[in-house]
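Visitor: Dropping in final_18.cif, which is mmCIF, C-alpha atoms and all ligand atoms:
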```
data_target
#
loop_
_atom_site.label_atom_id
_atom_site.label_comp_id
_atom_site.auth_asym_id
_atom_site.auth_seq_id
_atom_site.Cartn_x
_atom_site.Cartn_y
_atom_site.Cartn_z
CA MET A 1113 -8.59 2.62 -31.93
CA VAL A 1114 -8.88 3.06 -35.71
CA TYR A 1115 -9.84 6.34 -37.33
CA PRO A 1116 -10.72 6.88 -41.03
CA SER A 1117 -7.68 8.59 -42.56
CA ALA A 1118 -9.72 11.28 -44.38
CA ARG A 1119 -10.99 12.55 -41.04
CA ILE A 1120 -7.69 12.41 -39.21
CA GLN A 1121 -6.30 15.58 -40.78
CA TYR A 1122 -9.15 17.62 -39.27
CA MET A 1123 -8.81 16.09 -35.86
CA LYS A 1124 -6.72 17.46 -33.05
CA LYS A 1125 -4.39 15.25 -31.12
CA ILE A 1126 -4.45 14.92 -27.34
CA SER A 1127 -1.34 13.32 -25.88
CA ILE A 1128 -1.73 11.35 -22.69
CA VAL A 1129 1.49 10.96 -20.73
CA VAL A 1130 1.48 8.03 -18.33
CA PRO A 1131 4.51 7.44 -16.08
CA CYS A 1132 4.69 3.75 -15.15
CA PHE A 1133 6.81 2.04 -12.55
CA ASN A 1134 5.91 -1.60 -11.90
CA GLU A 1135 2.31 -1.28 -13.03
CA ALA A 1136 1.92 -4.64 -14.81
CA GLU A 1137 -1.22 -5.34 -12.79
CA VAL A 1138 -3.03 -2.24 -14.03
CA ILE A 1139 -1.73 -1.34 -17.52
CA GLU A 1140 -4.37 -3.33 -19.43
CA LYS A 1141 -7.15 -2.10 -17.14
CA TYR A 1142 -5.96 1.47 -17.60
CA TYR A 1143 -5.77 1.18 -21.39
CA SER A 1144 -9.23 -0.36 -21.76
CA ALA A 1145 -10.82 2.11 -19.32
CA MET A 1146 -9.31 4.98 -21.33
CA THR A 1147 -10.23 3.69 -24.79
CA ASP A 1148 -13.78 2.83 -23.61
CA MET A 1149 -14.18 6.33 -22.17
CA TRP A 1150 -12.82 7.92 -25.37
CA GLU A 1151 -15.14 6.00 -27.68
CA ARG A 1152 -18.20 6.46 -25.50
CA SER A 1153 -17.74 10.20 -24.91
CA ASP A 1154 -18.08 12.87 -27.58
CA LEU A 1155 -14.26 13.14 -27.72
CA SER A 1156 -13.80 10.56 -30.48
CA ALA A 1157 -15.59 12.87 -32.93
CA SER A 1158 -12.93 15.58 -32.70
CA TYR A 1159 -9.83 14.25 -31.02
CA ILE A 1160 -7.34 11.45 -31.53
CA PRO A 1161 -5.56 10.25 -28.39
CA GLU A 1162 -1.83 9.67 -28.42
CA PHE A 1163 -0.85 7.48 -25.47
CA ILE A 1164 2.71 7.97 -24.30
CA PHE A 1165 3.65 5.36 -21.74
CA VAL A 1166 6.96 6.00 -20.02
CA ASN A 1167 8.28 2.85 -18.41
CA ASP A 1168 10.40 4.11 -15.53
CA GLY A 1169 12.69 1.09 -15.09
CA SER A 1170 10.02 -1.46 -14.12
CA ASP A 1171 11.08 -5.02 -13.44
CA ASP A 1172 7.64 -6.66 -13.40
CA GLY A 1173 6.95 -6.89 -17.15
CA THR A 1174 5.34 -3.43 -17.51
CA GLY A 1175 7.72 -2.69 -20.43
CA GLU A 1176 6.63 -5.77 -22.39
CA LEU A 1177 2.95 -4.98 -21.77
CA ILE A 1178 3.17 -1.44 -23.12
CA GLN A 1179 5.24 -2.66 -26.06
CA ALA A 1180 2.47 -5.14 -26.85
CA LEU A 1181 -0.12 -2.35 -26.63
CA SER A 1182 1.84 -0.25 -29.10
CA ASP A 1183 1.99 -3.19 -31.53
CA ARG A 1184 -1.80 -3.44 -31.31
CA ASP A 1185 -2.69 0.26 -31.41
CA LYS A 1186 -0.76 2.76 -33.51
CA ASN A 1187 -1.85 5.54 -31.14
CA VAL A 1188 0.25 4.01 -28.39
CA ARG A 1189 3.90 5.04 -28.06
CA TYR A 1190 6.30 4.09 -25.34
CA THR A 1191 9.69 4.91 -23.91
CA SER A 1192 11.59 2.61 -21.58
CA PHE A 1193 14.23 3.99 -19.24
CA SER A 1194 17.43 2.07 -18.56
CA ARG A 1195 16.55 2.11 -14.82
CA ASN A 1196 14.18 3.82 -12.38
CA PHE A 1197 14.67 7.60 -12.61
CA GLY A 1198 11.53 8.68 -10.73
CA LYS A 1199 8.10 9.97 -11.68
CA GLU A 1200 9.27 13.54 -12.37
CA ALA A 1201 11.81 12.34 -14.97
CA ALA A 1202 9.14 10.10 -16.54
CA ILE A 1203 6.65 12.98 -16.78
CA PHE A 1204 9.18 15.36 -18.33
CA CYS A 1205 10.33 12.70 -20.79
CA GLY A 1206 6.68 12.19 -21.78
CA LEU A 1207 6.22 15.94 -22.27
CA LYS A 1208 9.24 15.98 -24.61
CA GLN A 1209 7.83 13.12 -26.69
CA ALA A 1210 4.25 14.44 -26.85
CA GLU A 1211 3.08 15.80 -30.18
CA GLY A 1212 -0.48 16.69 -29.20
CA ASP A 1213 -2.20 20.08 -29.24
CA ALA A 1214 -2.71 19.46 -25.55
CA VAL A 1215 -1.14 17.00 -23.12
CA ILE A 1216 -2.83 15.27 -20.22
CA VAL A 1217 -0.59 13.81 -17.52
CA MET A 1218 -2.14 11.02 -15.47
CA ASP A 1219 -1.23 8.02 -13.29
CA ALA A 1220 -1.41 4.47 -14.62
CA ASP A 1221 -3.25 3.04 -11.61
CA LEU A 1222 -6.67 4.60 -12.43
CA GLN A 1223 -6.55 6.75 -9.29
CA HIS A 1224 -6.99 9.64 -11.74
CA PRO A 1225 -10.46 8.90 -13.14
CA PRO A 1226 -10.65 8.79 -16.99
CA ALA A 1227 -14.24 10.06 -16.65
CA ALA A 1228 -12.83 13.52 -15.75
CA ILE A 1229 -11.09 13.90 -19.13
CA PRO A 1230 -14.03 15.14 -21.25
CA GLU A 1231 -14.57 17.94 -18.69
CA MET A 1232 -10.84 18.84 -18.80
CA ILE A 1233 -10.92 19.04 -22.58
CA HIS A 1234 -14.10 21.12 -22.61
CA ILE A 1235 -12.52 23.63 -20.23
CA TRP A 1236 -9.47 23.74 -22.54
CA GLU A 1237 -11.77 24.40 -25.51
CA GLU A 1238 -13.03 27.51 -23.67
CA GLY A 1239 -9.53 28.96 -24.04
CA PHE A 1240 -7.71 27.99 -20.84
CA THR A 1241 -4.07 26.97 -21.15
CA ILE A 1242 -3.59 24.85 -18.03
CA ILE A 1243 -6.36 22.85 -16.42
CA GLU A 1244 -5.31 21.88 -12.90
CA GLY A 1245 -6.75 18.79 -11.22
CA LYS A 1246 -7.69 19.33 -7.56
CA LYS A 1247 -8.51 16.46 -5.24
CA ARG A 1248 -12.01 16.79 -3.77
CA TYR A 1249 -11.69 13.48 -1.97
CA ARG A 1250 -8.07 12.49 -1.31
CA GLY A 1251 -8.73 8.77 -1.35
CA ARG A 1252 -7.87 6.33 1.38
CA GLU A 1253 -4.61 7.40 3.01
CA LYS A 1254 -3.05 7.22 6.45
CA ARG A 1255 -4.24 10.07 8.71
CA SER A 1256 -0.65 11.12 9.37
CA MET A 1257 0.07 11.22 5.60
CA GLY A 1258 -3.03 13.38 5.03
CA ILE A 1259 -1.95 15.84 7.73
CA MET A 1260 1.64 15.97 6.39
CA ALA A 1261 0.32 16.60 2.87
CA ARG A 1262 -1.88 19.46 4.10
CA ILE A 1263 1.05 21.09 5.94
CA PHE A 1264 3.28 20.67 2.89
CA TYR A 1265 0.76 22.26 0.50
CA ALA A 1266 -0.02 25.07 2.96
CA LEU A 1267 3.74 25.84 3.06
CA MET A 1268 4.05 25.48 -0.71
CA SER A 1269 1.09 27.84 -1.28
CA ARG A 1270 2.59 30.42 1.08
CA ILE A 1271 5.98 30.22 -0.58
CA THR A 1272 4.82 30.31 -4.18
CA GLY A 1273 1.81 32.57 -3.68
CA PHE A 1274 -0.40 30.12 -5.64
CA ASP A 1275 -3.22 28.18 -4.05
CA MET A 1276 -1.76 24.69 -4.29
CA SER A 1277 -4.05 23.03 -1.74
CA ASP A 1278 -5.20 19.57 -2.89
CA SER A 1279 -3.30 19.93 -6.16
CA SER A 1280 -2.10 16.88 -8.07
CA ASP A 1281 -0.22 15.77 -11.16
CA PHE A 1282 -3.48 15.11 -13.02
CA LYS A 1283 -3.70 18.06 -15.42
CA LEU A 1284 -4.15 19.16 -19.00
CA ILE A 1285 -1.56 21.48 -20.54
CA ASP A 1286 -1.90 23.31 -23.83
CA ARG A 1287 0.91 23.00 -26.39
CA ILE A 1288 2.22 26.52 -25.67
CA ALA A 1289 2.73 25.67 -21.98
CA VAL A 1290 4.17 22.24 -22.81
CA ASP A 1291 6.80 24.01 -24.93
CA THR A 1292 7.51 26.34 -22.01
CA LEU A 1293 7.96 23.42 -19.60
CA ASN A 1294 10.23 21.71 -22.13
CA SER A 1295 12.38 24.83 -22.32
CA LEU A 1296 13.15 24.84 -18.58
CA SER A 1297 16.70 23.67 -18.02
CA GLU A 1298 16.52 22.69 -14.37
CA ARG A 1299 16.71 19.01 -13.40
CA ALA A 1300 15.22 19.17 -9.92
CA THR A 1301 11.72 19.79 -11.23
CA PHE A 1302 8.48 19.75 -9.27
CA PHE A 1303 5.90 19.33 -12.02
CA ARG A 1304 2.96 19.98 -9.72
CA ALA A 1305 4.18 23.49 -8.83
CA LEU A 1306 5.91 24.41 -12.11
CA THR A 1307 2.61 24.49 -13.99
CA TYR A 1308 1.53 27.22 -11.56
CA TRP A 1309 4.88 28.98 -11.73
CA ILE A 1310 4.96 29.30 -15.54
CA GLY A 1311 1.71 31.25 -15.39
CA TYR A 1312 -0.76 31.34 -18.34
CA ARG A 1313 -4.54 31.27 -18.08
CA SER A 1314 -5.49 28.43 -15.83
CA ALA A 1315 -8.65 26.80 -14.57
CA THR A 1316 -9.28 23.97 -12.16
CA PHE A 1317 -11.49 20.90 -12.08
CA THR A 1318 -12.08 18.67 -9.08
CA TYR A 1319 -12.03 14.90 -8.91
CA ASP A 1320 -12.23 12.14 -6.34
CA VAL A 1321 -9.09 10.05 -6.05
CA ALA A 1322 -10.15 6.47 -6.79
CA GLU A 1323 -8.81 3.29 -5.22
CA ARG A 1324 -5.75 1.89 -6.96
CA ALA A 1325 -6.89 -0.55 -9.69
CA GLY A 1326 -4.21 -3.01 -8.50
CA GLY A 1327 -0.59 -3.13 -7.37
CA LYS A 1328 0.64 -0.75 -4.68
CA SER A 1329 1.81 2.80 -4.13
CA LYS A 1330 5.53 3.48 -4.53
CA TRP A 1331 5.64 6.07 -1.74
CA THR A 1332 6.93 5.59 1.79
CA GLY A 1333 6.93 8.07 4.67
CA ARG A 1334 10.67 8.53 4.17
CA SER A 1335 10.57 9.12 0.43
CA LEU A 1336 7.69 11.59 0.85
CA SER A 1337 9.60 13.58 3.50
CA TRP A 1338 12.62 13.80 1.21
CA TYR A 1339 10.37 14.81 -1.70
CA ALA A 1340 8.87 17.58 0.46
CA LEU A 1341 12.31 18.92 1.44
CA VAL A 1342 13.64 18.87 -2.13
CA ASN A 1343 10.55 20.58 -3.55
CA LEU A 1344 10.22 23.23 -0.87
CA THR A 1345 13.86 24.24 -1.32
CA SER A 1346 13.31 24.45 -5.10
CA PHE A 1347 10.87 27.27 -4.61
CA THR A 1348 12.20 29.26 -1.66
CA TYR A 1349 15.44 30.65 -0.26
CA ALA A 1350 13.76 31.42 3.08
CA PRO A 1351 15.68 28.65 4.95
CA LEU A 1352 18.94 30.30 3.87
CA TYR A 1353 17.77 33.65 5.20
CA LEU A 1354 16.59 31.94 8.39
CA ILE A 1355 20.20 30.96 9.02
CA GLY A 1356 21.06 34.62 9.50
CA ILE A 1357 18.08 35.11 11.78
CA THR A 1358 18.89 32.09 14.00
CA GLY A 1359 22.50 33.26 14.10
CA LEU A 1360 21.30 36.64 15.33
CA ILE A 1361 19.08 35.04 17.99
CA ILE A 1362 21.96 32.90 19.26
CA LEU A 1363 24.18 36.00 19.32
CA LEU A 1364 21.58 37.93 21.35
CA ILE A 1365 21.20 35.07 23.82
CA GLY A 1366 24.99 34.95 24.17
CA ALA A 1367 25.15 38.72 24.68
CA GLY A 1368 22.37 38.54 27.30
CA LEU A 1369 24.23 35.82 29.17
CA GLY A 1370 27.44 37.84 28.95
CA ILE A 1371 25.81 40.98 30.36
CA ASP A 1372 24.21 38.92 33.11
CA ALA A 1373 27.63 37.49 34.00
CA VAL A 1374 29.24 40.96 34.14
CA ILE A 1375 26.43 42.32 36.34
CA SER A 1376 26.75 39.32 38.66
CA TYR A 1377 30.53 39.81 38.81
CA ILE A 1378 30.18 43.52 39.66
CA GLY A 1379 27.56 42.66 42.30
CA GLY A 1380 30.09 40.35 43.89
CA LYS A 1381 28.18 37.13 43.06
CA SER A 1382 30.07 34.21 41.61
CA VAL A 1383 29.04 33.20 38.08
CA GLY A 1384 28.00 29.58 37.53
CA GLY A 1385 30.79 28.82 35.08
CA TYR A 1386 30.17 25.26 34.04
CA PRO A 1387 26.39 25.38 33.31
CA SER A 1388 26.63 28.63 31.34
CA LEU A 1389 29.58 27.24 29.39
CA VAL A 1390 27.67 24.08 28.48
CA LEU A 1391 24.64 26.16 27.51
CA LEU A 1392 26.68 28.43 25.26
CA ILE A 1393 28.57 25.62 23.57
CA THR A 1394 25.41 23.59 22.91
CA LEU A 1395 23.52 26.60 21.59
CA ALA A 1396 26.35 27.67 19.34
CA THR A 1397 27.33 24.27 17.91
CA GLY A 1398 23.69 23.20 17.50
CA GLY A 1399 22.91 26.43 15.67
CA ILE A 1400 25.97 26.20 13.44
CA MET A 1401 25.47 22.52 12.54
CA PHE A 1402 21.77 22.99 11.79
CA ASN A 1403 22.49 25.95 9.56
CA LEU A 1404 25.34 24.15 7.80
CA GLY A 1405 22.80 21.42 7.07
CA ILE A 1406 20.51 23.92 5.36
CA ILE A 1407 23.38 25.29 3.29
CA ALA A 1408 24.34 21.72 2.39
CA VAL A 1409 20.89 21.05 0.92
CA TYR A 1410 21.24 24.01 -1.45
CA ILE A 1411 24.86 23.21 -2.32
CA ALA A 1412 23.91 19.61 -3.12
CA LYS A 1413 21.16 20.86 -5.42
CA MET A 1414 23.54 23.26 -7.16
CA TYR A 1415 26.03 20.42 -7.57
CA THR A 1416 23.35 18.23 -9.17
CA GLU A 1417 22.45 20.98 -11.64
CA LEU A 1418 26.13 21.71 -12.32
CA LYS A 1419 26.97 18.10 -13.14
CA ASN A 1420 24.48 18.43 -15.97
CA ARG A 1421 23.82 14.72 -16.18
CA PRO A 1422 20.86 13.62 -18.30
CA ARG A 1423 17.66 13.36 -16.27
CA TYR A 1424 16.92 9.95 -17.70
CA ILE A 1425 18.51 7.45 -20.04
CA ILE A 1426 16.36 5.83 -22.70
CA ASP A 1427 16.81 2.15 -23.37
CA ARG A 1428 14.04 1.52 -25.96
CA GLN A 1429 11.48 3.72 -27.66
CA LYS A 1430 8.74 3.71 -30.28
N1 LIG B 1 5.75 6.29 -10.84
C1 LIG B 1 6.85 6.39 -11.69
N2 LIG B 1 8.12 6.31 -11.16
C2 LIG B 1 8.33 6.14 -9.81
C3 LIG B 1 7.21 6.08 -8.96
C4 LIG B 1 5.94 6.16 -9.50
O1 LIG B 1 6.69 6.52 -12.91
O2 LIG B 1 9.49 6.07 -9.42
C5 LIG B 1 4.38 6.36 -11.41
C6 LIG B 1 3.46 5.20 -11.01
O3 LIG B 1 3.65 4.09 -11.86
C7 LIG B 1 2.09 5.81 -11.15
C8 LIG B 1 2.33 7.26 -10.72
O4 LIG B 1 3.74 7.50 -10.89
O5 LIG B 1 1.59 5.79 -12.47
C9 LIG B 1 1.91 7.52 -9.29
O6 LIG B 1 2.58 6.62 -8.41
P1 LIG B 1 1.88 6.00 -7.13
O7 LIG B 1 0.55 5.45 -7.50
O8 LIG B 1 2.84 5.05 -6.53
O9 LIG B 1 1.72 7.26 -6.19
P2 LIG B 1 0.44 7.64 -5.26
O10 LIG B 1 -0.76 7.56 -6.15
O11 LIG B 1 0.41 6.63 -4.19
O12 LIG B 1 0.74 9.03 -4.82
MG MG B 2 -1.40 6.00 -7.24
#
```
Write out the structure in this file as structure tokens.

Guide:
Amino acid sequence: MVYPSARIQYMKKISIVVPCFNEAEVIEKYYSAMTDMWERSDLSASYIPEFIFVNDGSDDGTGELIQALSDRDKNVRYTSFSRNFGKEAAIFCGLKQAEGDAVIVMDADLQHPPAAIPEMIHIWEEGFTIIEGKKRYRGREKRSMGIMARIFYALMSRITGFDMSDSSDFKLIDRIAVDTLNSLSERATFFRALTYWIGYRSATFTYDVAERAGGKSKWTGRSLSWYALVNLTSFTYAPLYLIGITGLIILLIGAGLGIDAVISYIGGKSVGGYPSLVLLITLATGGIMFNLGIIAVYIAKMYTELKNRPRYIIDRQK
């Protein structure tokens, strides 16, 4: 897109951060859908887009495609990671690069409809700082995945105290909140929840998740379960407190069994030694191992933060 230079100084800039991992099939489609939408809507009169593609270690030519786009269009910038660091790292890298008055984060596969952007920007113009995208229709997904997602967001909402049902990474963030997010020092980020956590005046808009424009989703049941565990433990210490509670329950069961054994002994009945022993040992070791596992999750996270490694390594950039 070309803008007359005299006008540019009066125009605000909207950065669009697009994390990309093996999206060669959709990059061109995404870029033309976005530029078409921008030129056709009333946005082009007041805003210049700044596309920030973050190539998260793709090996299918995505990097070359976004480099070619940036040669063609001076509003396109890109960063290429040295390997795959994950969507969270790509989003936060994009937020660091963004120079816009507001930043929109969206997926490359057109599942986040470009047509929703004028509405997001108009809500921002009314004075809201964060405009959260909520899924009205979740798109085609496995029934089990849909149920798991609902449970996860119900838990997340309970823990954080924010209504995170049907939330997504598709959102607009004003410069002030982008600076706040950039100032957070933690590595194990959960972008979707952090925009709620930092506060500010927020509004929501709803959208229907579209079909992928091509290529395939990077998620598997296993990676999603891990993601859920990591993110839940980032926002709550309740599992650590639960350790104490389960310990107490096991202790009470043990005490009950002990009292029962004493009463039986006094009453002259013989105590079933072997079954009660097995029961006690299983209860106690099971409880201890499970709780050690919970502690291990938090220790591993502390260790990651302590190592202070960079969240991503940049190979090329423009
Ligand atoms: N993505 C990324 N790094 C990853 C995985 C995904 O940058 O390790 C990007 C991906 O290219 C896409 C967005 O994150 O733009 C959402 O990914 P995907 O479509 O696979 O997730 P889904 O829509 O199925 O939840
Ligand atoms: Mg997708």

Visitor: Report, in Å with one decimal, the straight-line distance from CA of Leu1306 in chain A to CA of Ala1322 in chain A.

Guide: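 Distance between the two atoms: 24.7 Å.
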
Visitor: Quick one: everything within 10 Å of range 1335-1340 of chain A, counting all atoms listed in the file, minus sequence neighbours fewer than 5 positions away in the same chain. Send it as a PyMOL selection string.

Guide: chain A and resi 1257+1260-1261+1264-1265+1268+1302+1330+1345-1346

Visitor: Next, write the just-selected residues to a file, as a CSV table (one decimal), in the frame of the given file, keeping C-alpha atoms as the atom set.

Guide:
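Resulting contents of result-v6.csv:
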```csv
chain,number,residue,atom,x,y,z
A,1257,MET,CA,0.1,11.2,5.6
A,1260,MET,CA,1.6,16.0,6.4
A,1261,ALA,CA,0.3,16.6,2.9
A,1264,PHE,CA,3.3,20.7,2.9
A,1265,TYR,CA,0.8,22.3,0.5
A,1268,MET,CA,4.0,25.5,-0.7
A,1302,PHE,CA,8.5,19.8,-9.3
A,1330,LYS,CA,5.5,3.5,-4.5
A,1345,THR,CA,13.9,24.2,-1.3
A,1346,SER,CA,13.3,24.4,-5.1
```

Visitor: Show me which residues line ligand LIG 1 (chain B), defined as having an atom within 9 Å of a ligand atom where all atoms listed in the file count, and present them as JSON, numbers by chain.

Guide: {"A": [1130, 1131, 1132, 1133, 1134, 1135, 1166, 1167, 1168, 1169, 1170, 1196, 1197, 1198, 1199, 1200, 1201, 1202, 1203, 1218, 1219, 1220, 1221, 1222, 1223, 1224, 1253, 1280, 1281, 1321, 1324, 1327, 1328, 1329, 1330, 1331, 1332]}

Visitor: Leaving out Val1188 in chain A and any residue of its chain fewer than 2 positions from it, which residues lie within 10 Å of it when counting all atoms listed in the file, given as a list in words?

Guide: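 The filter keeps Met1113, Ser1127, Ile1128, Tyr1143, Pro1161, Glu1162, Phe1163, Ile1164, Phe1165, Ile1178, Gln1179, Ala1180, Leu1181, Ser1182, Asp1183, Arg1184, Asp1185, Lys1186, Tyr1190 and Lys1430 of chain A.
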
Visitor: To one decimal in Å, tell me the separation between CA of Gly1356 in chain A and CA of Asn1403 in chain A.

Guide: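 Between these atoms lies a distance of 8.8 Å.
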
Visitor: Near Leu1155 in chain A, within 10 Å and counting only C-alpha atoms, which residues show up once chain neighbours fewer than 3 positions away are dropped, as a ChimeraX atom specification?

Guide: /A:1126,1149-1152,1158-1161,1229-1230,1233-1234

Visitor: Could you write out the selected residues, including C-alpha atoms, as a PDB file, in the frame of the given file?

Guide:
```pdb
ATOM      1  CA  ILE A1126      -4.450  14.920 -27.340  1.00  0.00           C
ATOM      2  CA  MET A1149     -14.180   6.330 -22.170  1.00  0.00           C
ATOM      3  CA  TRP A1150     -12.820   7.920 -25.370  1.00  0.00           C
ATOM      4  CA  GLU A1151     -15.140   6.000 -27.680  1.00  0.00           C
ATOM      5  CA  ARG A1152     -18.200   6.460 -25.500  1.00  0.00           C
ATOM      6  CA  SER A1158     -12.930  15.580 -32.700  1.00  0.00           C
ATOM      7  CA  TYR A1159      -9.830  14.250 -31.020  1.00  0.00           C
ATOM      8  CA  ILE A1160      -7.340  11.450 -31.530  1.00  0.00           C
ATOM      9  CA  PRO A1161      -5.560  10.250 -28.390  1.00  0.00           C
ATOM     10  CA  ILE A1229     -11.090  13.900 -19.130  1.00  0.00           C
ATOM     11  CA  PRO A1230     -14.030  15.140 -21.250  1.00  0.00           C
ATOM     12  CA  ILE A1233     -10.920  19.040 -22.580  1.00  0.00           C
ATOM     13  CA  HIS A1234     -14.100  21.120 -22.610  1.00  0.00           C
TER      14      HIS A1234
END
```

Visitor: Report the distance between CA of Arg1299 in chain A and CA of Thr1272 in chain A in Å, rounded to one decimal place.

Guide: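 Going from CA of Arg1299 in chain A over to CA of Thr1272 in chain A covers 18.8 Å.
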
Visitor: Set the distance at 9 Å and use all atoms listed in the file: which residues neighbour Ile1288 in chain A once local chain neighbours fewer than 5 positions away are removed? I'd like the list as a ChimeraX atom specification.

Guide: /A:1213-1214,1241,1293

Visitor: From the list A:Ala1325, A:Ala1157, A:Ile1406, A:Leu1418, which residue is nearest Leu1341 in chain A when using all atoms listed in the file?

Guide: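 Answer, going by the shortest atom-to-atom distance: A:Ile1406.
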
Visitor: Using only C-alpha atoms, pick whichever of A:Asp1278, A:Phe1402, A:Val1342, A:Arg1428 has the shortest atom-to-atom distance to Met1414 in chain A.

Guide: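 Smallest separation from Met1414 in chain A among the options: A:Val1342.
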
Visitor: Pick from A:Gly1206, A:Gly1398, A:Gly1326, A:Gly1239: nearest to ligand MG 2 (chain B), with all atoms listed in the file counted?

Guide: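 Smallest separation from ligand MG 2 (chain B) among the options: A:Gly1326.
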
Visitor: Return the single residue from A:Ala1289, A:Leu1360, A:Ile1378, A:Val1138 that is closest to ligand MG 2 (chain B), with distances computed using all atoms listed in the file.

Guide: A:Val1138

Visitor: With all heavy atoms as the goal, would you fill in the gaps in range 1293-1299 of chain A and present it as a compact mmCIF listing (two decimals), in the frame of the given file?

Guide:
```txt
# COMPACT_ATOMS: atom_id res chain seq x y z
N LEU A 1293 7.40 24.38 -20.57
CA LEU A 1293 7.96 23.42 -19.60
C LEU A 1293 9.18 22.72 -20.19
O LEU A 1293 10.17 22.51 -19.51
CB LEU A 1293 6.89 22.39 -19.21
CG LEU A 1293 5.78 22.90 -18.29
CD1 LEU A 1293 4.67 21.85 -18.16
CD2 LEU A 1293 6.31 23.28 -16.92
N ASN A 1294 9.10 22.39 -21.48
CA ASN A 1294 10.23 21.71 -22.13
C ASN A 1294 11.46 22.60 -22.24
O ASN A 1294 12.58 22.11 -22.39
CB ASN A 1294 9.83 21.22 -23.52
CG ASN A 1294 8.93 19.99 -23.45
OD1 ASN A 1294 8.91 19.29 -22.44
ND2 ASN A 1294 8.19 19.73 -24.51
N SER A 1295 11.23 23.92 -22.17
CA SER A 1295 12.38 24.83 -22.32
C SER A 1295 13.09 25.08 -20.98
O SER A 1295 14.16 25.68 -20.95
CB SER A 1295 11.92 26.16 -22.92
OG SER A 1295 11.19 26.88 -21.94
N LEU A 1296 12.50 24.63 -19.88
CA LEU A 1296 13.15 24.84 -18.58
C LEU A 1296 14.38 23.94 -18.49
O LEU A 1296 14.31 22.77 -18.86
CB LEU A 1296 12.20 24.51 -17.43
CG LEU A 1296 10.90 25.30 -17.36
CD1 LEU A 1296 10.04 24.82 -16.19
CD2 LEU A 1296 11.18 26.79 -17.22
N SER A 1297 15.49 24.49 -17.99
CA SER A 1297 16.70 23.67 -18.02
C SER A 1297 16.99 22.99 -16.69
O SER A 1297 17.89 22.17 -16.58
CB SER A 1297 17.89 24.53 -18.44
OG SER A 1297 18.08 25.53 -17.46
N GLU A 1298 16.20 23.30 -15.66
CA GLU A 1298 16.52 22.69 -14.37
C GLU A 1298 16.18 21.19 -14.34
O GLU A 1298 15.31 20.73 -15.07
CB GLU A 1298 15.76 23.41 -13.24
CG GLU A 1298 14.27 23.17 -13.23
CD GLU A 1298 13.52 24.19 -12.39
OE1 GLU A 1298 13.22 25.26 -12.95
OE2 GLU A 1298 13.24 23.93 -11.22
N ARG A 1299 16.92 20.46 -13.52
CA ARG A 1299 16.71 19.01 -13.40
C ARG A 1299 15.80 18.69 -12.22
O ARG A 1299 15.02 17.76 -12.27
CB ARG A 1299 18.04 18.30 -13.13
CG ARG A 1299 18.74 17.77 -14.32
CD ARG A 1299 20.16 18.30 -14.33
NE ARG A 1299 20.28 19.23 -15.45
CZ ARG A 1299 20.55 18.83 -16.66
NH1 ARG A 1299 20.78 17.57 -16.91
NH2 ARG A 1299 20.59 19.68 -17.66
```
